[in-house]
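J.: Supplied structure: query17.tsv, TSV, C-alpha atoms (C1' of nucleotides).
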```
chain	number	residue	atom	x	y	z
M	233	MET	CA	98.52	59.46	104.11
M	234	TRP	CA	101.51	57.77	102.53
M	235	GLN	CA	105.23	58.06	103.07
M	236	GLU	CA	108.34	56.75	101.40
M	237	THR	CA	112.09	57.16	101.48
M	238	VAL	CA	114.35	58.05	98.57
M	239	THR	CA	118.07	57.44	98.42
M	240	LEU	CA	120.40	59.10	95.91
M	241	SER	CA	124.04	58.73	95.02
M	242	GLY	CA	125.83	61.87	96.26
M	243	PRO	CA	126.71	64.62	96.30
M	244	TYR	CA	123.51	66.43	97.22
M	245	HIS	CA	123.67	69.18	99.82
M	246	PHE	CA	120.10	69.45	101.08
M	247	GLU	CA	120.95	71.94	103.86
M	248	LEU	CA	122.39	74.40	101.35
M	249	ALA	CA	119.31	73.97	99.20
M	250	LEU	CA	117.05	74.71	102.17
M	251	ASP	CA	119.25	77.64	103.07
M	252	ARG	CA	118.53	79.22	99.69
M	253	LEU	CA	114.83	78.30	99.76
M	254	LYS	CA	114.59	80.10	103.07
M	255	LEU	CA	115.23	83.42	101.31
M	256	ASP	CA	111.60	83.36	100.20
M	257	PRO	CA	109.35	84.15	103.16
M	258	LEU	CA	106.58	82.06	101.61
M	259	HIS	CA	108.62	78.89	101.90
M	260	VAL	CA	107.95	76.81	104.99
M	261	VAL	CA	111.43	75.59	105.88
M	262	ASP	CA	112.59	74.12	109.17
M	263	LEU	CA	116.38	74.07	109.12
M	264	SER	CA	116.83	72.26	112.42
M	265	ASN	CA	114.61	69.39	111.25
M	266	LYS	CA	115.84	69.64	107.64
M	267	THR	CA	112.25	69.80	106.50
M	268	ILE	CA	110.29	71.73	103.90
M	269	LYS	CA	106.58	71.74	103.11
M	270	VAL	CA	105.91	71.79	99.37
M	271	PRO	CA	102.57	73.08	98.09
M	272	LEU	CA	101.55	71.22	94.92
M	273	GLN	CA	98.64	72.35	92.84
M	274	GLU	CA	96.88	70.82	89.86
M	275	ASN	CA	93.78	72.72	88.80
M	276	THR	CA	91.94	73.34	92.09
M	277	ASN	CA	93.33	70.21	93.70
M	278	ARG	CA	95.83	71.30	96.34
M	279	THR	CA	98.07	69.10	98.47
M	280	VAL	CA	101.04	69.67	100.75
M	281	ILE	CA	104.01	67.31	100.61
M	282	GLU	CA	106.58	67.26	103.39
M	283	VAL	CA	110.19	66.50	102.47
M	284	LYS	CA	112.68	65.74	105.22
M	285	GLY	CA	116.40	65.23	104.75
M	286	ILE	CA	117.60	62.21	106.73
M	287	GLY	CA	120.93	61.57	105.00
M	288	ASN	CA	124.04	63.62	104.31
M	289	LEU	CA	126.03	65.17	101.47
M	290	HIS	CA	127.54	61.90	100.26
M	291	LYS	CA	124.63	59.64	101.18
M	292	PRO	CA	121.53	61.74	100.51
M	293	GLU	CA	118.30	60.28	101.81
M	294	PHE	CA	114.83	61.72	102.16
M	295	LEU	CA	111.59	60.92	103.91
M	296	ILE	CA	108.56	62.15	101.96
M	297	LYS	CA	105.04	62.31	103.34
M	298	GLY	CA	101.88	63.25	101.52
M	299	GLU	CA	98.35	62.45	100.46
M	300	GLY	CA	96.91	61.78	97.02
M	301	ASN	CA	98.35	60.17	93.90
M	302	GLN	CA	101.68	58.98	95.27
M	303	GLN	CA	103.37	58.08	92.00
M	304	LEU	CA	102.44	61.34	90.27
M	305	LEU	CA	103.33	63.51	93.25
M	306	MET	CA	106.64	61.72	93.85
M	307	GLU	CA	107.55	62.26	90.21
M	308	ARG	CA	106.91	65.96	90.60
M	309	ILE	CA	108.85	66.18	93.89
M	310	SER	CA	111.79	64.42	92.27
M	311	GLU	CA	111.67	66.90	89.41
M	312	ILE	CA	111.45	69.92	91.72
M	313	PHE	CA	114.42	68.87	93.84
M	314	GLY	CA	116.52	67.73	90.89
M	315	TRP	CA	116.99	64.22	92.19
M	316	HIS	CA	117.69	62.93	88.69
M	317	THR	CA	120.56	65.37	88.11
M	318	ASP	CA	124.16	64.16	88.31
M	319	LEU	CA	125.74	66.94	90.39
M	320	LYS	CA	129.09	65.17	90.50
M	321	LYS	CA	129.38	65.28	86.73
M	322	ILE	CA	128.54	68.99	86.71
M	323	HIS	CA	131.01	69.70	89.51
M	324	ASP	CA	133.76	67.88	87.63
M	325	HIS	CA	133.04	69.88	84.49
M	326	PHE	CA	133.73	73.14	86.34
M	327	GLN	CA	136.99	71.89	87.84
M	328	ASN	CA	138.59	72.70	84.48
M	329	THR	CA	137.29	76.29	84.51
M	330	ASP	CA	137.73	79.62	86.34
M	331	LEU	CA	134.77	78.72	88.53
M	332	LYS	CA	136.61	75.81	90.12
M	333	ASP	CA	136.72	77.44	93.57
M	334	LEU	CA	133.13	78.63	93.38
M	335	PHE	CA	131.99	75.07	92.72
M	336	ARG	CA	134.06	73.73	95.60
M	337	THR	CA	132.48	76.24	97.96
M	338	HIS	CA	128.96	75.28	96.94
M	339	PHE	CA	129.69	71.62	96.31
M	340	GLY	CA	126.56	69.55	95.89
M	341	THR	CA	124.09	72.45	95.85
M	342	PRO	CA	121.15	71.40	93.68
M	343	LEU	CA	118.87	73.54	91.53
M	344	VAL	CA	115.48	73.46	93.23
M	345	LEU	CA	112.58	74.47	91.00
M	346	ASP	CA	109.67	76.70	91.78
M	347	PHE	CA	106.72	74.59	92.83
M	348	ASP	CA	104.75	75.26	89.66
M	349	PRO	CA	105.38	77.08	86.36
M	350	PHE	CA	102.58	79.63	86.74
M	351	SER	CA	103.84	80.77	90.15
M	352	CYS	CA	107.32	80.93	88.71
M	353	LEU	CA	106.28	83.24	85.90
M	354	LEU	CA	104.32	85.51	88.25
M	355	LYS	CA	107.24	85.61	90.65
M	356	CYS	CA	109.64	86.52	87.84
M	357	ILE	CA	107.42	89.43	86.79
M	358	ILE	CA	107.02	90.67	90.34
M	359	HIS	CA	110.78	90.47	90.94
M	360	GLN	CA	111.75	92.44	87.86
M	361	GLN	CA	113.92	95.46	88.67
M	362	LEU	CA	113.29	95.26	92.43
M	363	ASN	CA	115.74	94.67	95.23
M	364	LEU	CA	115.37	91.15	96.61
M	365	ASN	CA	113.92	92.17	99.96
M	366	PHE	CA	111.10	94.22	98.57
M	367	ALA	CA	110.54	91.71	95.76
M	368	PHE	CA	109.91	88.94	98.27
M	369	THR	CA	107.73	91.21	100.40
M	370	LEU	CA	105.64	92.17	97.39
M	371	THR	CA	105.26	88.53	96.30
M	372	GLN	CA	104.27	87.49	99.80
M	373	ARG	CA	101.70	90.26	100.00
M	374	PHE	CA	100.28	89.18	96.62
M	375	VAL	CA	100.00	85.51	97.55
M	376	GLN	CA	98.59	86.11	101.02
M	377	THR	CA	95.97	88.48	99.60
M	378	PHE	CA	94.77	86.47	96.62
M	379	GLY	CA	96.02	82.91	97.25
M	380	HIS	CA	95.00	80.11	99.62
M	381	GLU	CA	96.47	78.76	102.83
M	382	GLN	CA	96.44	75.05	103.55
M	383	ASP	CA	98.30	73.09	106.23
M	384	GLY	CA	100.33	76.18	107.06
M	385	VAL	CA	101.51	76.76	103.50
M	386	TRP	CA	100.41	79.43	101.05
M	387	PHE	CA	99.42	78.55	97.50
M	388	TYR	CA	99.62	81.11	94.69
M	389	PRO	CA	96.22	82.14	93.29
M	390	GLU	CA	94.95	80.20	90.26
M	391	PRO	CA	95.13	81.79	86.80
M	392	GLU	CA	91.37	82.46	86.87
M	393	VAL	CA	91.73	84.50	90.04
M	394	VAL	CA	94.68	86.47	88.69
M	395	ALA	CA	92.87	87.06	85.40
M	396	ASN	CA	90.01	88.76	87.21
M	397	LEU	CA	92.09	91.09	89.38
M	398	THR	CA	92.08	94.81	88.67
M	399	VAL	CA	95.07	97.10	88.37
M	400	GLU	CA	93.75	99.06	91.34
M	401	GLU	CA	93.67	95.99	93.60
M	402	LEU	CA	97.34	95.35	92.86
M	403	ARG	CA	98.34	98.99	93.16
M	404	GLU	CA	97.05	98.87	96.73
M	405	LEU	CA	99.74	96.28	97.43
M	406	GLN	CA	102.33	98.69	95.94
M	407	PHE	CA	102.58	97.15	92.50
M	408	SER	CA	103.46	99.64	89.80
M	409	ARG	CA	100.77	100.06	87.16
M	410	ARG	CA	102.95	98.31	84.60
M	411	LYS	CA	103.68	95.35	86.83
M	412	ALA	CA	99.99	95.01	87.64
M	413	GLU	CA	99.10	94.94	83.95
M	414	TYR	CA	101.73	92.30	83.21
M	415	VAL	CA	100.53	90.01	86.02
M	416	ILE	CA	96.86	90.25	85.09
M	417	GLY	CA	97.70	89.72	81.41
M	418	ILE	CA	99.54	86.50	82.18
M	419	GLY	CA	96.65	85.31	84.33
M	420	LYS	CA	94.33	85.83	81.37
M	421	LEU	CA	96.68	84.07	79.00
M	422	ILE	CA	96.79	80.92	81.13
M	423	ALA	CA	93.12	81.02	82.12
M	424	SER	CA	92.10	81.22	78.47
M	425	GLY	CA	94.36	78.32	77.53
M	426	LYS	CA	96.35	80.40	75.03
M	427	LEU	CA	99.50	79.52	76.94
M	428	ASP	CA	99.94	75.94	78.13
M	429	PHE	CA	102.82	74.89	80.36
M	430	HIS	CA	102.20	71.17	79.87
M	431	LYS	CA	103.33	71.05	76.29
M	432	MET	CA	106.65	72.72	77.14
M	433	LYS	CA	108.05	69.41	78.33
M	434	GLN	CA	108.56	68.33	74.72
M	435	GLN	CA	109.88	71.71	73.52
M	436	SER	CA	113.40	73.08	73.26
M	437	ASP	CA	114.53	76.17	75.19
M	438	GLU	CA	114.42	78.16	71.95
M	439	GLU	CA	110.87	77.08	71.07
M	440	ILE	CA	109.61	78.02	74.53
M	441	ALA	CA	111.54	81.29	74.54
M	442	SER	CA	110.12	82.44	71.21
M	443	GLU	CA	106.59	81.91	72.51
M	444	LEU	CA	107.14	83.52	75.92
M	445	ILE	CA	108.96	86.59	74.61
M	446	GLU	CA	105.80	87.61	72.78
M	447	ILE	CA	104.01	88.11	76.11
M	448	ARG	CA	103.81	91.68	77.34
M	449	GLY	CA	106.06	92.02	80.39
M	450	VAL	CA	108.23	89.05	79.49
M	451	GLY	CA	111.71	89.90	78.22
M	452	PRO	CA	114.92	87.88	77.91
M	453	TRP	CA	115.68	87.95	81.64
M	454	THR	CA	112.25	86.59	82.55
M	455	VAL	CA	112.41	83.89	79.87
M	456	GLN	CA	115.80	82.70	81.08
M	457	ASN	CA	114.76	82.68	84.71
M	458	PHE	CA	111.59	80.80	83.87
M	459	LEU	CA	113.48	78.16	81.92
M	460	MET	CA	115.83	77.70	84.88
M	461	SER	CA	113.56	77.94	87.92
M	462	GLY	CA	110.30	76.93	86.30
M	463	LEU	CA	111.42	74.09	84.07
M	464	GLY	CA	114.87	73.20	85.41
M	465	ARG	CA	116.69	73.64	82.10
M	466	PRO	CA	120.44	73.33	82.73
M	467	ASN	CA	122.03	75.80	80.32
M	468	LEU	CA	120.84	79.36	80.99
M	469	PHE	CA	122.85	82.45	81.95
M	470	PRO	CA	120.84	85.70	82.19
M	471	VAL	CA	123.46	88.31	81.25
M	472	ALA	CA	120.99	91.12	82.00
M	473	ASP	CA	120.80	90.06	85.63
M	474	ILE	CA	122.29	92.66	88.02
M	475	GLY	CA	122.92	89.97	90.62
M	476	LEU	CA	125.06	87.92	88.24
M	477	GLN	CA	126.93	91.04	87.17
M	478	ASN	CA	127.69	91.91	90.78
M	479	ALA	CA	128.67	88.32	91.58
M	480	LEU	CA	131.13	88.19	88.67
M	481	LYS	CA	132.58	91.56	89.65
M	482	LYS	CA	133.17	90.22	93.14
M	483	TYR	CA	134.48	86.81	92.08
M	484	TYR	CA	137.01	88.22	89.59
M	485	GLN	CA	137.62	91.36	91.72
M	486	LEU	CA	136.79	93.66	88.81
M	487	GLU	CA	136.70	97.46	89.04
M	488	GLN	CA	133.32	97.58	87.33
M	489	LYS	CA	130.48	95.25	86.54
M	490	PRO	CA	131.19	93.25	83.37
M	491	THR	CA	129.38	94.25	80.19
M	492	THR	CA	126.96	91.84	78.58
M	493	ALA	CA	129.49	91.24	75.80
M	494	GLU	CA	132.15	90.33	78.36
M	495	MET	CA	129.72	88.01	80.09
M	496	GLU	CA	128.90	86.28	76.81
M	497	GLN	CA	132.63	85.73	76.41
M	498	MET	CA	133.16	84.44	79.97
M	499	LYS	CA	130.36	81.94	79.86
M	500	THR	CA	131.45	79.75	76.94
M	501	PRO	CA	133.63	77.31	78.96
M	502	TRP	CA	130.74	76.76	81.38
M	503	GLU	CA	128.39	75.27	78.83
M	504	PRO	CA	126.31	73.14	78.83
M	505	TYR	CA	125.72	73.77	82.54
M	506	LEU	CA	125.33	77.56	82.60
M	507	THR	CA	122.37	77.34	84.95
M	508	TYR	CA	124.60	75.94	87.69
M	509	ALA	CA	127.14	78.72	87.10
M	510	SER	CA	124.29	81.22	87.50
M	511	LEU	CA	122.99	79.50	90.62
M	512	TYR	CA	126.35	79.33	92.38
M	513	LEU	CA	127.21	82.91	91.44
M	514	TRP	CA	123.93	84.05	92.96
M	515	ARG	CA	124.71	81.98	96.03
M	516	SER	CA	128.06	83.74	96.35
M	517	ILE	CA	126.38	87.09	97.01
M	518	GLU	CA	123.35	85.91	98.99
T	124	DA	C1'	119.30	113.76	97.65
T	125	DA	C1'	120.65	110.86	94.30
T	126	DC	C1'	121.28	106.52	92.73
T	127	DC	C1'	120.40	101.66	92.63
T	128	DA	C1'	117.62	97.29	91.90
T	129	DG	C1'	117.96	89.33	89.99
T	130	DG	C1'	113.87	94.52	83.53
T	131	DG	C1'	110.95	95.68	79.89
T	132	DA	C1'	108.07	98.60	76.76
T	133	DA	C1'	107.86	102.41	73.90
T	134	DG	C1'	109.90	105.80	71.34
T	135	DA	C1'	113.84	107.60	68.47
T	136	DT	C1'	117.37	107.00	65.27
R	240	DA	C1'	117.65	96.40	63.85
R	241	DT	C1'	119.90	98.98	67.71
R	242	DC	C1'	120.10	102.79	71.00
R	243	DT	C1'	117.74	105.84	74.50
R	244	DT	C1'	114.18	107.13	77.57
R	245	DC	C1'	110.57	106.29	80.59
R	246	DC	C1'	108.23	103.57	83.98
R	247	DA	C1'	107.32	103.25	89.20
R	248	DT	C1'	108.33	100.92	93.47
R	249	DG	C1'	111.35	100.57	98.13
R	250	DG	C1'	116.06	100.56	99.80
R	251	DT	C1'	120.54	102.86	100.92
```
What does the file become when written as structure tokens?

T.:
Amino acid sequence: MWQETVTLSGPYHFELALDRLKLDPLHVVDLSNKTIKVPLQENTNRTVIEVKGIGNLHKPEFLIKGEGNQQLLMERISEIFGWHTDLKKIHDHFQNTDLKDLFRTHFGTPLVLDFDPFSCLLKCIIHQQLNLNFAFTLTQRFVQTFGHEQDGVWFYPEPEVVANLTVEELRELQFSRRKAEYVIGIGKLIASGKLDFHKMKQQSDEEIASELIEIRGVGPWTVQNFLMSGLGRPNLFPVADIGLQNALKKYYQLEQKPTTAEMEQMKTPWEPYLTYASLYLWRSIE
DNA sequence: AACCAGGGAAGAT
DNA sequence: ATCTTCCATGGT
């Protein structure tokens, strides 16, 4: 068992990050202790890392405890929590835009990634076209049926397990036939090595998108969400997302939800940090 | 009861 | 290439 502390230059609002993470019933978050347990998985090697906030917005500090390859795991934790991102610079960028007030309200909220790319992709598929409550319920049911529990945290099933599921097994959990087929197909794709997340680190958003969009069940919305929540890319804005449409309608007090063309127009001043615009807009209706 | 939901595939122009 | 319809679930 090792532990270490990390100190960042602010802002970084860990409580707001935990607040959002808590939306997912699979996340083990303790708000009063400012703690989250992070399940990390590499092949069949599973480990749980505990991250505890011991600083504040302007002087962020964390205590991290875990077991295993400390350097490798710390690198991954840092990536997941966006500790390398300059949130002040991003905030300042939006002070010259319409979203000025939105960014003040959510000042210092980081983008926290899904704990691994495969889980992220599965979660995206499961969440398609479902209201958030049921989407989380369905995901939880899936993970607790086919995944593994360790130290009080649930791990998503490995690709090999997903690849060998049947449509009927998933239908029992209230998956639609389509959704079941998509999920199993992606399991097979990863298990067979035809899709490899590791190489994506060196690829551009466009290169990754053109490969992912070929997958059955993966459309533009899923690609954009994966690039954001799976890989932490900073400049994505899923115009097809109902949540974003509703958030914009509310923020600008529109009569109707904006069209995709209108959203394309709105977003230009927010580049190259569209992901943070998306994130804070989602936060505004959560 | 009818319509909506953090979409996408398949079919029809 | 773009537009329309169908898919299937729970929630309101």

J.: Could you jot down the atom CA of M:Pro504 to atom CA of M:Asn467 separation for me, Å, one decimal place?

T.: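 Distance between the two atoms: 5.3 Å.
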
J.: Rounded to one decimal, what separation in Å do you get between atom CA of M:Asp333 and atom CA of M:Ser461?

T.: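 About the pair atom CA of M:Asp333 and atom CA of M:Ser461: they are 23.8 Å apart.
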
J.: Would you compute the distance between atom CA of M:Phe429 and atom CA of M:Lys411? Give it in Å to one decimal.

T.: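 The value is 21.5 Å.
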
J.: Return as a PyMOL selection string the residues belonging to chain R that are within 7 Å of chain M, counting only C-alpha atoms (C1' of nucleotides).

T.: chain R and resi 247-249

J.: For a quick check of your reading of the model, name the residues lying within 10 Å of the coordinate (111.9, 104.5, 79.5), counting all atoms listed in the file, and write them as a PDB file with C-alpha atoms (C1' of nucleotides), keeping the file's coordinate frame.

T.:
```
ATOM      1  C1'  DG T 131     110.950  95.680  79.890  1.00  0.00           C
ATOM      2  C1'  DA T 132     108.070  98.600  76.760  1.00  0.00           C
ATOM      3  C1'  DA T 133     107.860 102.410  73.900  1.00  0.00           C
ATOM      4  C1'  DG T 134     109.900 105.800  71.340  1.00  0.00           C
TER       5       DG T 134
ATOM      6  C1'  DT R 243     117.740 105.840  74.500  1.00  0.00           C
ATOM      7  C1'  DT R 244     114.180 107.130  77.570  1.00  0.00           C
ATOM      8  C1'  DC R 245     110.570 106.290  80.590  1.00  0.00           C
ATOM      9  C1'  DC R 246     108.230 103.570  83.980  1.00  0.00           C
TER      10       DC R 246
END
```

J.: At a cut-off of 6 Å, which residues of chain T touch chain M? Count all atoms listed in the file and give the answer as a list in words.

T.: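 Residues satisfying the distance criterion: DA128, DG129 and DG130 of chain T.
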
J.: Would you mind writing stretch 404-417 of chain M with N, CA and C atoms, as a PDB file, in the frame of the given file?

T.:
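The resulting file, rebuild.pdb, is shown below:
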```pdb
ATOM      1  N   GLU M 404      97.174  98.743  95.275  1.00  0.00           N
ATOM      2  CA  GLU M 404      97.050  98.870  96.730  1.00  0.00           C
ATOM      3  C   GLU M 404      98.158  98.122  97.454  1.00  0.00           C
ATOM      4  N   LEU M 405      98.662  97.057  96.812  1.00  0.00           N
ATOM      5  CA  LEU M 405      99.740  96.280  97.430  1.00  0.00           C
ATOM      6  C   LEU M 405     101.113  96.878  97.095  1.00  0.00           C
ATOM      7  N   GLN M 406     101.118  97.993  96.367  1.00  0.00           N
ATOM      8  CA  GLN M 406     102.330  98.690  95.940  1.00  0.00           C
ATOM      9  C   GLN M 406     102.958  98.111  94.679  1.00  0.00           C
ATOM     10  N   PHE M 407     102.138  97.471  93.858  1.00  0.00           N
ATOM     11  CA  PHE M 407     102.580  97.150  92.500  1.00  0.00           C
ATOM     12  C   PHE M 407     102.605  98.438  91.689  1.00  0.00           C
ATOM     13  N   SER M 408     103.538  98.544  90.766  1.00  0.00           N
ATOM     14  CA  SER M 408     103.460  99.640  89.800  1.00  0.00           C
ATOM     15  C   SER M 408     102.338  99.289  88.814  1.00  0.00           C
ATOM     16  N   ARG M 409     101.846 100.302  88.128  1.00  0.00           N
ATOM     17  CA  ARG M 409     100.770 100.060  87.160  1.00  0.00           C
ATOM     18  C   ARG M 409     101.197  99.033  86.110  1.00  0.00           C
ATOM     19  N   ARG M 410     102.417  99.233  85.599  1.00  0.00           N
ATOM     20  CA  ARG M 410     102.950  98.310  84.600  1.00  0.00           C
ATOM     21  C   ARG M 410     102.958  96.865  85.094  1.00  0.00           C
ATOM     22  N   LYS M 411     103.545  96.691  86.271  1.00  0.00           N
ATOM     23  CA  LYS M 411     103.680  95.350  86.830  1.00  0.00           C
ATOM     24  C   LYS M 411     102.304  94.713  87.006  1.00  0.00           C
ATOM     25  N   ALA M 412     101.344  95.507  87.454  1.00  0.00           N
ATOM     26  CA  ALA M 412      99.990  95.010  87.640  1.00  0.00           C
ATOM     27  C   ALA M 412      99.405  94.531  86.308  1.00  0.00           C
ATOM     28  N   GLU M 413      99.618  95.316  85.271  1.00  0.00           N
ATOM     29  CA  GLU M 413      99.100  94.940  83.950  1.00  0.00           C
ATOM     30  C   GLU M 413      99.732  93.635  83.455  1.00  0.00           C
ATOM     31  N   TYR M 414     101.023  93.516  83.646  1.00  0.00           N
ATOM     32  CA  TYR M 414     101.730  92.300  83.210  1.00  0.00           C
ATOM     33  C   TYR M 414     101.141  91.066  83.896  1.00  0.00           C
ATOM     34  N   VAL M 415     100.995  91.154  85.225  1.00  0.00           N
ATOM     35  CA  VAL M 415     100.530  90.010  86.020  1.00  0.00           C
ATOM     36  C   VAL M 415      99.125  89.591  85.598  1.00  0.00           C
ATOM     37  N   ILE M 416      98.240  90.555  85.473  1.00  0.00           N
ATOM     38  CA  ILE M 416      96.860  90.250  85.090  1.00  0.00           C
ATOM     39  C   ILE M 416      96.827  89.650  83.676  1.00  0.00           C
ATOM     40  N   GLY M 417      97.636  90.219  82.786  1.00  0.00           N
ATOM     41  CA  GLY M 417      97.700  89.720  81.410  1.00  0.00           C
ATOM     42  C   GLY M 417      98.112  88.260  81.356  1.00  0.00           C
TER      43      GLY M 417
END
```
